[in-house]
$ cat run.cif   # mmCIF, C-alpha atoms
data_final
#
loop_
_atom_site.label_atom_id
_atom_site.label_comp_id
_atom_site.auth_asym_id
_atom_site.auth_seq_id
_atom_site.Cartn_x
_atom_site.Cartn_y
_atom_site.Cartn_z
CA MET A 289 6.17 150.21 107.02
CA GLY A 290 4.15 148.96 109.95
CA GLU A 291 3.50 150.58 113.28
CA GLN A 292 6.24 152.59 114.88
CA LYS A 293 8.68 150.59 116.98
CA ASP A 294 10.81 152.94 118.99
CA GLY A 295 12.57 150.21 120.89
CA ASN A 296 11.35 151.51 124.25
CA PRO A 297 9.49 148.75 126.09
CA GLY A 298 7.55 151.37 128.00
CA GLU A 299 5.30 152.05 125.04
CA HIS A 300 3.37 148.80 125.47
CA CYS A 301 0.55 150.19 127.57
CA LEU A 302 -1.62 148.33 130.07
CA PRO A 303 -5.18 148.80 131.31
CA TRP A 304 -6.10 149.43 134.87
CA ALA A 305 -7.18 146.48 136.92
CA GLU A 306 -8.46 148.53 139.77
CA SER A 307 -8.73 152.26 140.28
CA LYS A 308 -5.93 152.20 142.82
CA THR A 309 -3.42 151.02 140.20
CA ILE A 310 -4.20 153.60 137.55
CA PHE A 311 -1.39 156.04 138.30
CA ILE A 312 1.17 153.24 138.64
CA ILE A 313 0.23 152.02 135.17
CA ILE A 314 0.66 155.43 133.59
CA ILE A 315 4.01 156.08 135.21
CA ILE A 316 5.45 152.66 134.44
CA TYR A 317 4.42 152.39 130.83
CA ILE A 318 5.22 155.83 129.48
CA PRO A 319 8.52 155.62 127.57
CA PRO A 320 11.45 156.86 129.61
CA LEU A 321 13.39 159.97 128.82
CA PRO A 322 16.68 159.39 127.01
CA PRO A 323 19.46 159.17 129.60
CA ARG A 324 20.80 162.69 130.18
CA TRP A 325 24.00 161.38 131.75
CA HIS A 326 25.02 159.81 128.45
CA THR A 327 26.71 162.78 126.85
CA PHE A 328 28.52 162.51 123.53
CA HIS A 329 31.60 164.57 122.80
CA SER A 330 33.34 165.12 119.51
CA SER A 331 36.01 162.45 119.95
CA SER A 332 33.91 159.71 121.51
CA VAL A 333 33.32 157.32 118.62
CA THR A 334 34.63 156.10 115.29
CA ARG A 335 34.16 158.36 112.28
CA ILE A 336 31.45 157.38 109.80
CA LYS A 337 33.33 158.54 106.71
CA THR A 338 36.50 160.57 106.47
CA MET A 339 37.76 162.92 103.79
CA THR A 340 39.72 166.02 104.62
CA GLY A 341 41.01 168.83 102.49
CA SER A 342 42.69 172.17 102.84
CA SER A 343 40.59 175.27 103.30
CA SER A 344 40.00 177.52 100.33
CA LYS A 345 38.47 180.87 99.48
CA LYS A 346 34.85 181.09 98.42
CA HIS A 347 34.04 181.04 94.73
CA SER A 348 30.73 181.54 93.01
CA MET A 349 29.16 178.58 91.26
CA ASP A 350 29.33 180.22 87.87
CA ALA A 351 33.06 180.83 88.36
CA GLU A 352 33.49 177.14 89.04
CA ASN A 353 31.87 176.20 85.73
CA PRO A 354 32.57 178.34 82.63
CA VAL A 355 29.27 177.27 81.06
CA LYS A 356 26.25 178.80 82.75
CA GLU A 357 24.66 176.10 84.81
CA THR A 358 21.15 175.15 85.83
CA VAL A 359 20.27 173.86 89.28
CA LEU A 360 17.07 172.30 90.55
CA ILE A 361 15.83 172.83 94.10
CA THR A 362 13.27 170.40 95.48
CA GLY A 363 11.08 172.05 98.08
CA GLY A 364 11.78 175.29 96.23
CA GLY A 365 8.38 176.67 97.14
CA GLY A 366 9.30 176.74 100.82
CA TYR A 367 11.06 179.36 102.89
CA PHE A 368 14.62 178.08 102.68
CA GLY A 369 14.37 176.64 99.16
CA PHE A 370 13.16 179.94 97.76
CA ARG A 371 15.89 181.91 99.54
CA LEU A 372 18.51 179.54 98.14
CA GLY A 373 17.07 179.94 94.65
CA VAL A 374 17.16 183.73 94.85
CA ALA A 375 20.77 183.71 96.06
CA LEU A 376 21.85 181.41 93.23
CA SER A 377 20.05 183.50 90.62
CA LYS A 378 22.02 186.54 91.80
CA LYS A 379 25.19 184.58 91.00
CA GLY A 380 24.02 184.11 87.41
CA VAL A 381 22.78 180.54 87.84
CA ASP A 382 19.54 179.42 86.19
CA VAL A 383 17.29 178.05 88.94
CA ILE A 384 14.36 175.64 88.80
CA LEU A 385 12.16 175.57 91.90
CA PHE A 386 10.46 172.17 92.07
CA ASP A 387 7.56 171.82 94.50
CA VAL A 388 3.91 170.89 94.83
CA THR A 389 2.98 174.48 95.66
CA GLU A 390 4.22 177.70 94.11
CA PRO A 391 6.10 180.25 96.25
CA ILE A 392 4.02 183.13 97.54
CA GLN A 393 6.83 185.56 96.74
CA PRO A 394 7.25 187.05 93.25
CA MET A 395 9.66 185.08 91.06
CA PRO A 396 12.93 186.91 90.36
CA GLN A 397 14.65 186.87 86.98
CA GLY A 398 16.50 183.64 86.29
CA VAL A 399 14.21 181.59 88.54
CA LYS A 400 11.55 179.27 87.15
CA PHE A 401 8.91 177.31 89.04
CA VAL A 402 8.02 173.76 87.98
CA GLN A 403 5.16 172.09 89.79
CA GLY A 404 5.85 168.49 90.67
CA ASP A 405 6.03 165.86 93.38
CA VAL A 406 9.20 164.06 94.50
CA ARG A 407 7.06 160.96 95.01
CA VAL A 408 6.46 160.74 91.24
CA VAL A 409 9.71 159.70 89.57
CA SER A 410 8.57 160.68 86.06
CA GLU A 411 7.94 164.25 87.22
CA VAL A 412 11.35 164.35 88.87
CA GLU A 413 13.12 163.10 85.73
CA ARG A 414 11.32 165.59 83.54
CA ALA A 415 12.24 168.52 85.78
CA LEU A 416 15.87 167.40 86.09
CA ARG A 417 16.67 167.37 82.39
CA GLY A 418 19.34 169.96 81.68
CA ALA A 419 20.27 170.47 85.33
CA THR A 420 23.84 170.06 86.55
CA CYS A 421 23.16 170.09 90.29
CA VAL A 422 20.26 169.21 92.59
CA PHE A 423 19.60 170.64 96.03
CA HIS A 424 17.23 168.15 97.62
CA ILE A 425 15.47 170.09 100.37
CA ALA A 426 11.91 168.74 100.17
CA SER A 427 10.82 166.87 103.29
CA TYR A 428 7.81 166.38 105.52
CA GLY A 429 7.08 165.85 109.21
CA MET A 430 9.54 168.18 110.91
CA SER A 431 7.21 169.47 113.62
CA GLY A 432 3.70 169.64 115.01
CA ARG A 433 0.94 167.39 113.72
CA GLU A 434 3.02 166.61 110.62
CA GLN A 435 5.32 164.49 112.81
CA LEU A 436 2.48 162.05 113.41
CA ASN A 437 1.63 161.31 109.74
CA ARG A 438 3.90 158.31 109.26
CA LYS A 439 2.85 157.37 105.73
CA LEU A 440 3.35 160.80 104.21
CA ILE A 441 6.65 161.20 106.06
CA GLU A 442 7.94 157.95 104.62
CA ASP A 443 6.65 158.58 101.11
CA ILE A 444 8.24 162.02 100.83
CA ASN A 445 11.41 161.69 102.89
CA LEU A 446 12.44 158.18 101.89
CA LYS A 447 10.76 157.31 98.60
CA GLY A 448 11.19 160.87 97.36
CA THR A 449 14.92 160.76 98.04
CA GLU A 450 15.25 157.41 96.27
CA ASN A 451 13.51 158.96 93.25
CA ILE A 452 15.91 161.91 93.25
CA ILE A 453 18.95 159.63 93.32
CA GLU A 454 17.68 157.37 90.55
CA ALA A 455 16.63 160.34 88.40
CA CYS A 456 20.09 161.91 88.79
CA LYS A 457 21.68 158.70 87.53
CA LYS A 458 19.28 158.34 84.63
CA VAL A 459 19.30 161.96 83.46
CA GLY A 460 22.99 162.56 84.11
CA VAL A 461 23.03 165.08 86.96
CA SER A 462 26.47 164.89 88.53
CA ARG A 463 26.00 166.75 91.83
CA LEU A 464 23.48 166.22 94.62
CA VAL A 465 23.38 168.21 97.87
CA TYR A 466 20.99 166.79 100.45
CA THR A 467 19.51 168.85 103.28
CA SER A 468 19.50 166.55 106.29
CA THR A 469 19.03 167.29 110.01
CA TYR A 470 20.77 167.18 113.38
CA ASN A 471 18.31 164.44 114.27
CA VAL A 472 20.19 161.77 112.33
CA VAL A 473 22.60 161.57 115.28
CA PHE A 474 20.51 163.18 118.02
CA GLY A 475 17.70 161.31 119.72
CA GLY A 476 17.40 162.94 123.12
CA GLN A 477 20.86 162.20 124.53
CA ALA A 478 22.92 165.25 125.47
CA ILE A 479 25.54 166.10 122.82
CA GLU A 480 28.06 168.84 123.56
CA ASN A 481 30.33 170.04 120.75
CA GLY A 482 29.74 166.86 118.78
CA ASP A 483 31.13 166.36 115.30
CA GLU A 484 30.65 164.23 112.21
CA SER A 485 32.40 161.26 113.82
CA LEU A 486 29.26 160.52 115.84
CA PRO A 487 27.32 157.47 114.62
CA TYR A 488 23.73 157.55 113.48
CA PHE A 489 21.27 157.36 116.35
CA PRO A 490 19.78 153.81 116.45
CA LEU A 491 16.84 153.86 114.06
CA HIS A 492 14.52 151.84 116.30
CA LEU A 493 15.03 154.27 119.20
CA HIS A 494 13.91 157.42 117.39
CA PRO A 495 10.67 158.68 118.96
CA ASP A 496 9.51 160.17 115.65
CA HIS A 497 9.35 158.88 112.10
CA TYR A 498 10.71 162.10 110.60
CA SER A 499 14.13 161.65 112.22
CA ARG A 500 14.21 157.97 111.30
CA THR A 501 13.40 158.55 107.62
CA LYS A 502 15.80 161.49 107.34
CA ALA A 503 18.60 159.28 108.66
CA LEU A 504 17.76 156.53 106.18
CA ALA A 505 17.56 159.06 103.35
CA GLU A 506 20.93 160.57 104.26
CA MET A 507 22.49 157.11 104.27
CA LYS A 508 21.12 156.48 100.78
CA VAL A 509 22.42 159.81 99.49
CA LEU A 510 25.94 159.26 100.83
CA GLU A 511 25.99 155.64 99.65
CA ALA A 512 25.09 156.87 96.15
CA ASN A 513 28.26 158.95 95.99
CA GLY A 514 30.51 157.67 93.20
CA SER A 515 27.67 155.91 91.37
CA SER A 516 27.94 155.80 87.59
CA LEU A 517 25.62 157.99 85.55
CA GLU A 518 23.83 156.30 82.67
CA GLY A 519 25.35 156.62 79.22
CA GLY A 520 28.89 157.02 80.52
CA GLN A 521 28.25 160.60 81.59
CA GLY A 522 30.53 160.40 84.60
CA LEU A 523 29.91 159.89 88.30
CA LEU A 524 27.33 161.16 90.76
CA ARG A 525 28.88 163.16 93.61
CA THR A 526 26.79 163.62 96.75
CA CYS A 527 27.02 165.25 100.17
CA ALA A 528 24.68 166.04 103.06
CA LEU A 529 24.28 169.14 105.22
CA ARG A 530 22.82 168.79 108.70
CA PRO A 531 21.36 172.17 109.68
CA ALA A 532 20.32 173.36 113.11
CA ALA A 533 16.89 174.95 113.61
CA ILE A 534 16.39 177.59 110.92
CA TYR A 535 15.35 181.16 111.67
CA GLY A 536 15.24 184.43 109.78
CA PRO A 537 12.88 187.16 108.63
CA GLY A 538 9.79 185.65 107.06
CA GLU A 539 10.35 182.13 108.45
CA GLN A 540 6.98 180.40 108.23
CA ARG A 541 7.18 177.24 110.33
CA HIS A 542 8.45 177.79 113.86
CA LEU A 543 7.94 181.49 114.49
CA PRO A 544 4.25 181.69 113.46
CA ARG A 545 3.52 178.69 115.69
CA ILE A 546 5.27 180.36 118.63
CA LEU A 547 3.37 183.54 117.86
CA GLY A 548 0.10 181.62 117.94
CA TYR A 549 0.91 180.28 121.40
CA LEU A 550 1.74 183.80 122.56
CA GLU A 551 -1.57 185.15 121.27
CA GLN A 552 -3.48 182.34 122.97
CA GLY A 553 -1.69 182.81 126.28
CA LEU A 554 -0.17 179.34 126.14
CA PHE A 555 3.46 180.36 126.60
CA GLN A 556 3.33 180.34 130.40
CA PHE A 557 6.32 178.22 131.40
CA LEU A 558 9.85 177.16 130.52
CA PHE A 559 11.31 173.68 130.86
CA GLY A 560 14.64 171.91 130.99
CA ASP A 561 17.93 172.99 132.51
CA PRO A 562 18.78 176.66 131.78
CA GLY A 563 22.37 175.54 131.17
CA ASP A 564 21.41 173.27 128.25
CA LEU A 565 22.48 174.73 124.91
CA MET A 566 21.24 174.33 121.33
CA ASP A 567 22.31 175.48 117.88
CA PHE A 568 20.39 177.69 115.48
CA VAL A 569 21.20 178.74 111.92
CA HIS A 570 20.16 181.89 110.10
CA VAL A 571 18.68 181.19 106.69
CA ASP A 572 21.38 183.22 104.92
CA ASN A 573 24.16 181.23 106.57
CA LEU A 574 22.45 178.01 105.53
CA VAL A 575 22.13 179.29 101.96
CA GLU A 576 25.86 180.04 101.86
CA ALA A 577 26.70 176.59 103.24
CA HIS A 578 24.67 174.87 100.51
CA ILE A 579 26.35 176.86 97.76
CA LEU A 580 29.80 176.07 99.17
CA ALA A 581 28.96 172.37 99.47
CA SER A 582 27.82 172.26 95.85
CA GLU A 583 31.00 173.93 94.67
CA ALA A 584 33.10 171.50 96.71
CA LEU A 585 31.50 168.62 94.80
CA GLY A 586 32.98 169.97 91.56
CA ASP A 587 36.18 169.09 89.72
CA SER A 588 38.01 172.31 90.57
CA LYS A 589 37.69 171.58 94.30
CA GLY A 590 38.73 167.97 93.91
CA HIS A 591 35.27 166.72 94.89
CA ARG A 592 36.23 167.59 98.45
CA SER A 593 32.72 167.33 99.88
CA ALA A 594 31.83 164.11 98.01
CA GLY A 595 30.48 161.45 100.33
CA GLN A 596 30.61 163.78 103.33
CA ALA A 597 28.17 165.10 105.91
CA TYR A 598 28.50 168.50 107.62
CA PHE A 599 26.84 170.13 110.61
CA ILE A 600 25.75 173.69 109.82
CA SER A 601 24.80 176.36 112.35
CA ASP A 602 25.62 179.92 113.40
CA GLY A 603 28.26 178.47 115.71
CA ARG A 604 26.85 180.21 118.79
CA PRO A 605 25.13 177.66 121.08
CA ILE A 606 22.47 179.19 123.34
CA ASN A 607 19.66 178.03 125.57
CA ASN A 608 16.48 177.57 123.55
CA PHE A 609 14.39 179.95 125.65
CA ASP A 610 17.14 182.56 125.87
CA PHE A 611 17.27 182.52 122.08
CA PHE A 612 13.54 183.23 121.68
CA ARG A 613 13.30 185.77 124.51
CA PRO A 614 14.04 188.82 122.28
CA PHE A 615 11.33 187.61 119.90
CA VAL A 616 8.72 187.24 122.64
CA GLU A 617 9.48 190.52 124.38
CA GLY A 618 10.08 192.38 121.12
CA LEU A 619 6.48 191.70 120.10
CA GLY A 620 5.20 192.96 123.45
CA TYR A 621 4.58 189.75 125.36
CA PRO A 622 5.78 188.96 128.89
CA PHE A 623 8.44 186.29 129.15
CA PRO A 624 7.58 183.44 131.56
CA THR A 625 9.73 182.71 134.59
CA TYR A 626 8.19 179.49 135.92
CA ARG A 627 10.18 176.41 134.89
CA LEU A 628 8.77 172.86 134.71
CA PRO A 629 10.86 169.68 134.94
CA LEU A 630 11.68 168.27 131.53
CA SER A 631 10.15 164.90 132.46
CA VAL A 632 6.74 166.43 133.15
CA VAL A 633 6.59 168.12 129.74
CA TYR A 634 7.95 165.01 128.01
CA TYR A 635 5.30 162.73 129.54
CA PHE A 636 2.55 165.16 128.67
CA ALA A 637 3.83 165.24 125.07
CA PHE A 638 3.72 161.44 125.00
CA LEU A 639 0.12 161.38 126.22
CA THR A 640 -0.81 164.02 123.65
CA GLU A 641 0.69 161.90 120.87
CA MET A 642 -1.22 158.88 122.14
CA VAL A 643 -4.50 160.79 122.09
CA TYR A 644 -3.72 162.10 118.59
CA SER A 645 -3.13 158.56 117.33
CA VAL A 646 -6.70 157.70 118.35
CA VAL A 647 -8.65 160.82 117.39
CA GLY A 648 -6.34 162.47 114.85
CA ARG A 649 -8.31 161.29 111.82
CA LEU A 650 -11.52 162.68 113.27
CA TYR A 651 -10.08 165.82 114.81
CA ASN A 652 -6.75 166.89 113.35
CA PHE A 653 -5.67 169.10 116.25
CA GLN A 654 -2.23 170.67 116.62
CA PRO A 655 -0.29 168.98 119.46
CA PHE A 656 1.09 171.55 121.88
CA LEU A 657 4.47 169.77 121.77
CA THR A 658 5.70 166.39 120.54
CA ARG A 659 8.31 164.33 122.35
CA THR A 660 10.92 165.21 119.75
CA GLU A 661 10.19 168.91 120.15
CA VAL A 662 10.54 168.59 123.92
CA TYR A 663 14.05 167.16 123.88
CA LYS A 664 15.13 169.33 120.94
CA SER A 665 14.21 172.33 123.09
CA GLY A 666 15.26 171.04 126.50
CA VAL A 667 18.36 168.85 126.06
CA SER A 668 21.82 170.06 125.03
CA ASN A 669 22.58 169.37 121.38
CA TYR A 670 25.21 171.50 119.69
CA PHE A 671 27.97 170.65 117.24
CA SER A 672 31.37 171.78 116.03
CA LEU A 673 31.68 173.61 112.71
CA GLU A 674 35.35 172.76 112.23
CA LYS A 675 34.81 170.30 109.39
CA ALA A 676 32.56 172.69 107.45
CA LYS A 677 35.01 175.54 107.98
CA ARG A 678 38.01 173.45 106.97
CA GLU A 679 36.60 171.65 103.94
CA LEU A 680 33.95 174.06 102.66
CA GLY A 681 35.33 177.41 103.76
CA TYR A 682 32.13 178.01 105.72
CA ALA A 683 32.21 181.21 107.79
CA PRO A 684 28.82 182.05 109.33
CA CYS A 685 27.89 185.70 109.66
CA PRO A 686 26.39 187.02 112.92
CA HIS A 687 22.62 187.46 112.95
CA SER A 688 19.89 188.04 115.51
CA ILE A 689 16.30 186.92 115.88
CA LYS A 690 15.49 190.60 116.32
CA GLU A 691 15.44 190.70 112.51
CA SER A 692 12.32 188.52 112.70
CA VAL A 693 10.70 190.90 115.18
CA GLU A 694 11.19 193.77 112.75
CA TRP A 695 9.86 191.63 109.90
CA PHE A 696 6.63 190.88 111.74
CA LYS A 697 6.19 194.52 112.69
CA SER A 698 6.88 195.70 109.14
CA HIS A 699 4.22 193.30 107.88
CA GLY A 700 1.55 194.80 110.07
CA TYR A 701 1.67 192.57 113.12
CA VAL A 702 0.21 194.08 116.28
CA HIS A 703 0.05 192.67 119.81
CA LYS A 704 -3.20 190.73 120.22
CA SER A 705 -5.16 190.11 123.39
CA ARG A 706 -5.27 186.57 124.70
CA ARG A 707 -8.09 184.35 123.52
CA TYR A 708 -6.83 181.34 125.47
CA THR A 709 -5.59 181.49 129.06
CA ALA A 710 -3.45 179.34 131.31
CA LYS A 711 -6.66 178.14 132.97
CA HIS A 712 -7.80 176.78 129.62
CA LEU A 713 -4.44 175.05 129.18
CA PHE A 714 -4.71 173.41 132.61
CA ARG A 715 -8.23 172.25 131.81
CA ASP A 716 -7.13 170.75 128.51
CA MET A 717 -4.16 169.02 130.11
CA VAL A 718 -6.49 167.36 132.62
CA LEU A 719 -8.81 166.27 129.81
CA VAL A 720 -5.91 164.79 127.86
CA LEU A 721 -4.75 162.86 130.92
CA LEU A 722 -8.23 161.51 131.58
CA PHE A 723 -8.69 160.51 127.97
CA ALA A 724 -5.29 158.79 127.99
CA VAL A 725 -6.34 156.78 131.03
CA VAL A 726 -9.46 155.62 129.22
CA ILE A 727 -7.40 154.55 126.21
CA LEU A 728 -4.97 152.66 128.44
CA SER A 729 -7.87 150.68 129.87
CA TRP A 730 -8.55 149.13 126.47
CA PHE A 731 -5.12 147.53 126.12
CA PRO A 732 -4.88 143.81 126.98
CA ARG A 733 -3.54 142.81 130.36
CA VAL A 734 -0.01 141.33 130.23
CA PHE A 735 0.36 140.31 133.87
#

$ encode --input "run.cif" --output "structure tokens"
Amino acid sequence: MGEQKDGNPGEHCLPWAESKTIFIIIIIYIPPLPPRWHTFHSSSVTRIKTMTGSSSKKHSMDAENPVKETVLITGGGGYFGFRLGVALSKKGVDVILFDVTEPIQPMPQGVKFVQGDVRVVSEVERALRGATCVFHIASYGMSGREQLNRKLIEDINLKGTENIIEACKKVGVSRLVYTSTYNVVFGGQAIENGDESLPYFPLHLHPDHYSRTKALAEMKVLEANGSSLEGGQGLLRTCALRPAAIYGPGEQRHLPRILGYLEQGLFQFLFGDPGDLMDFVHVDNLVEAHILASEALGDSKGHRSAGQAYFISDGRPINNFDFFRPFVEGLGYPFPTYRLPLSVVYYFAFLTEMVYSVVGRLYNFQPFLTRTEVYKSGVSNYFSLEKAKRELGYAPCPHSIKESVEWFKSHGYVHKSRRYTAKHLFRDMVLVLLFAVVILSWFPRVF
């Protein structure tokens, strides 16, 4: 695909004509924040797809199928994929972890690792032979600098999903559970207690390619539901789970990054309205939801989850910074009290992304925050679990991020002195702004 087109006219930047117009140019041509007054509620729009069913008690996967089954987990080398594999192996299921890198944890009995790439269809087909269910978790570009690598995001999230679907049809795998994201319907607009009736967020308005490709991939997965398997082997049944931000002991994406900011003295302010709420999901709750969704694709459950999407969280919306406060203070760091306007942080994130687009290939720095991360952290976005409870029997267990504090302490973490201060952050922000102004000056004049 070509260059990103987010549908916001403000991203067409202009040069300065005279020094006195420089700040007007920057303010006018930075993309606007999504309108916060446009709040979606659960009953506001037409349902995408509808299939209801009565609630039922939980059953293990091996109880659902008399013959011992084999499942394949793409992205099985990652935090969540590995946890899912371990949980399934404890239920007597043979598990294949499919990933480009091997898990760092020791492999339990009943779990096998197969190295492969979802972008290579022949490797996918070879790994899938003998499997009865696929959990497609592998993705790229969720946060940080990864969000700015458009080609890799598209190759893995979109092309990789297409390969999984086609391989399922060819090899004869009858069940496919896709791990999606809240972002398929959320793009910065406030959503309070939304549900699966909400439409996909307009693709051209997504400020990041990850969300756009995950939405397209989810559409393809759900459209593939009911497709015929080759050789008259039956039908492919598919569903998608849309998890909130994942946390848990040993989580290796968000918490280590936050910890790095704490060590460098960068966590000096909050932003957004303290009344804005977000969802989170403990890894064990997400594991349980995936197992339930897979079972609900089977014959004994009447294929109840086939063609459906489900929001999955702990069901306890909380302000983003309130959620992480026990983590920050539990590791011995002071919690900031100064709060910045959301718009200030959002515009700074935009300028950082612009600078990265110019120098990223020469200096692959980690953006402090991206635009998507700003509104995911500072704008209300939480969803109802009623559909997952009713159709899957999902019942999240209570957990706390304090588990992660204990995990870090048990693995030898000690409070570290700051190597990077707020003064350094202010200096770097000024440098980013100045560099952005220089870049703007190179764009052609349009008036």

$ residues_around --input "run.cif" --residues "Leu529 of chain A" --least-positions-apart "4" --cutoff "9 Å" --atoms "all atoms listed in the file" --output "list in words"
Val465, Tyr466, Thr467, Ser468, Thr469, Ala577, His578, Ala581, Gln596, Ala597, Tyr598, Phe599 and Ile600 of chain A

$ residues_near_point --input "run.cif" --point "(14.9, 180.2, 131.4)" --cutoff "12 Å" --atoms "all atoms listed in the file" --output "PyMOL selection string"
chain A and resi 556-565+606-613+623-629+665-666

$ write_last_selection --input "run.cif" --atoms "C-alpha atoms" --output "CSV table (one decimal), in the frame of the given file"
chain,number,residue,atom,x,y,z
A,556,GLN,CA,3.3,180.3,130.4
A,557,PHE,CA,6.3,178.2,131.4
A,558,LEU,CA,9.8,177.2,130.5
A,559,PHE,CA,11.3,173.7,130.9
A,560,GLY,CA,14.6,171.9,131.0
A,561,ASP,CA,17.9,173.0,132.5
A,562,PRO,CA,18.8,176.7,131.8
A,563,GLY,CA,22.4,175.5,131.2
A,564,ASP,CA,21.4,173.3,128.2
A,565,LEU,CA,22.5,174.7,124.9
A,606,ILE,CA,22.5,179.2,123.3
A,607,ASN,CA,19.7,178.0,125.6
A,608,ASN,CA,16.5,177.6,123.6
A,609,PHE,CA,14.4,180.0,125.6
A,610,ASP,CA,17.1,182.6,125.9
A,611,PHE,CA,17.3,182.5,122.1
A,612,PHE,CA,13.5,183.2,121.7
A,613,ARG,CA,13.3,185.8,124.5
A,623,PHE,CA,8.4,186.3,129.2
A,624,PRO,CA,7.6,183.4,131.6
A,625,THR,CA,9.7,182.7,134.6
A,626,TYR,CA,8.2,179.5,135.9
A,627,ARG,CA,10.2,176.4,134.9
A,628,LEU,CA,8.8,172.9,134.7
A,629,PRO,CA,10.9,169.7,134.9
A,665,SER,CA,14.2,172.3,123.1
A,666,GLY,CA,15.3,171.0,126.5

$ closest_residue --input "run.cif" --among "A:Glu539, A:Asp483, A:Glu357, A:Asp567" --to "Glu583 of chain A" --atoms "only C-alpha atoms"
A:Glu357

$ residues_near_point --input "run.cif" --point "(9.0, 174.4, 92.6)" --cutoff "8 Å" --atoms "all atoms listed in the file" --output "list in words"
Ile361, Thr362, Gly363, Gly364, Gly365, Ile384, Leu385, Phe386, Asp387, Val388, Thr389, Glu390, Pro391, Lys400, Phe401, Val402, Gln403 and Gly404 of chain A

$ resolve_selection --input "run.cif" --expression "the PyMOL selection byres ((chain A and resi 508) around 12)" --output "ChimeraX atom specification"
/A:445-454,464,466,468,501-507,509-513,515,526-528,595

$ residues_around --input "run.cif" --residues "Val662 of chain A" --least-positions-apart "4" --cutoff "8 Å" --atoms "all atoms listed in the file" --output "list in words"
Leu630, Val633, Tyr634, Ala637, Leu657, Thr658 and Gly666 of chain A

$ write_last_selection --input "run.cif" --atoms "C-alpha atoms" --output "PDB file, in the coordinates of the input"
ATOM      1  CA  LEU A 630      11.680 168.270 131.530  1.00  0.00           C
ATOM      2  CA  VAL A 633       6.590 168.120 129.740  1.00  0.00           C
ATOM      3  CA  TYR A 634       7.950 165.010 128.010  1.00  0.00           C
ATOM      4  CA  ALA A 637       3.830 165.240 125.070  1.00  0.00           C
ATOM      5  CA  LEU A 657       4.470 169.770 121.770  1.00  0.00           C
ATOM      6  CA  THR A 658       5.700 166.390 120.540  1.00  0.00           C
ATOM      7  CA  GLY A 666      15.260 171.040 126.500  1.00  0.00           C
TER       8      GLY A 666
END

$ closest_residue --input "run.cif" --among "A:Glu518, A:His424, A:Tyr549, A:Gln540" --to "Leu372 of chain A" --atoms "only C-alpha atoms"
A:His424

$ closest_residue --input "run.cif" --among "A:Ile425, A:Leu650, A:Ala532, A:Met395" --to "Ser672 of chain A" --atoms "all atoms listed in the file"
A:Ala532

$ residues_around --input "run.cif" --residues "Arg463 of chain A" --least-positions-apart "5" --cutoff "8 Å" --atoms "all atoms listed in the file" --output "list in words"
Thr420, Cys421, Val422, Leu524, Arg525, Thr526, Ser582, Leu585 and Gly586 of chain A

$ closest_residue --input "run.cif" --among "A:Val406, A:Val643, A:Leu523, A:Leu554" --to "Phe656 of chain A" --atoms "all atoms listed in the file"
A:Leu554
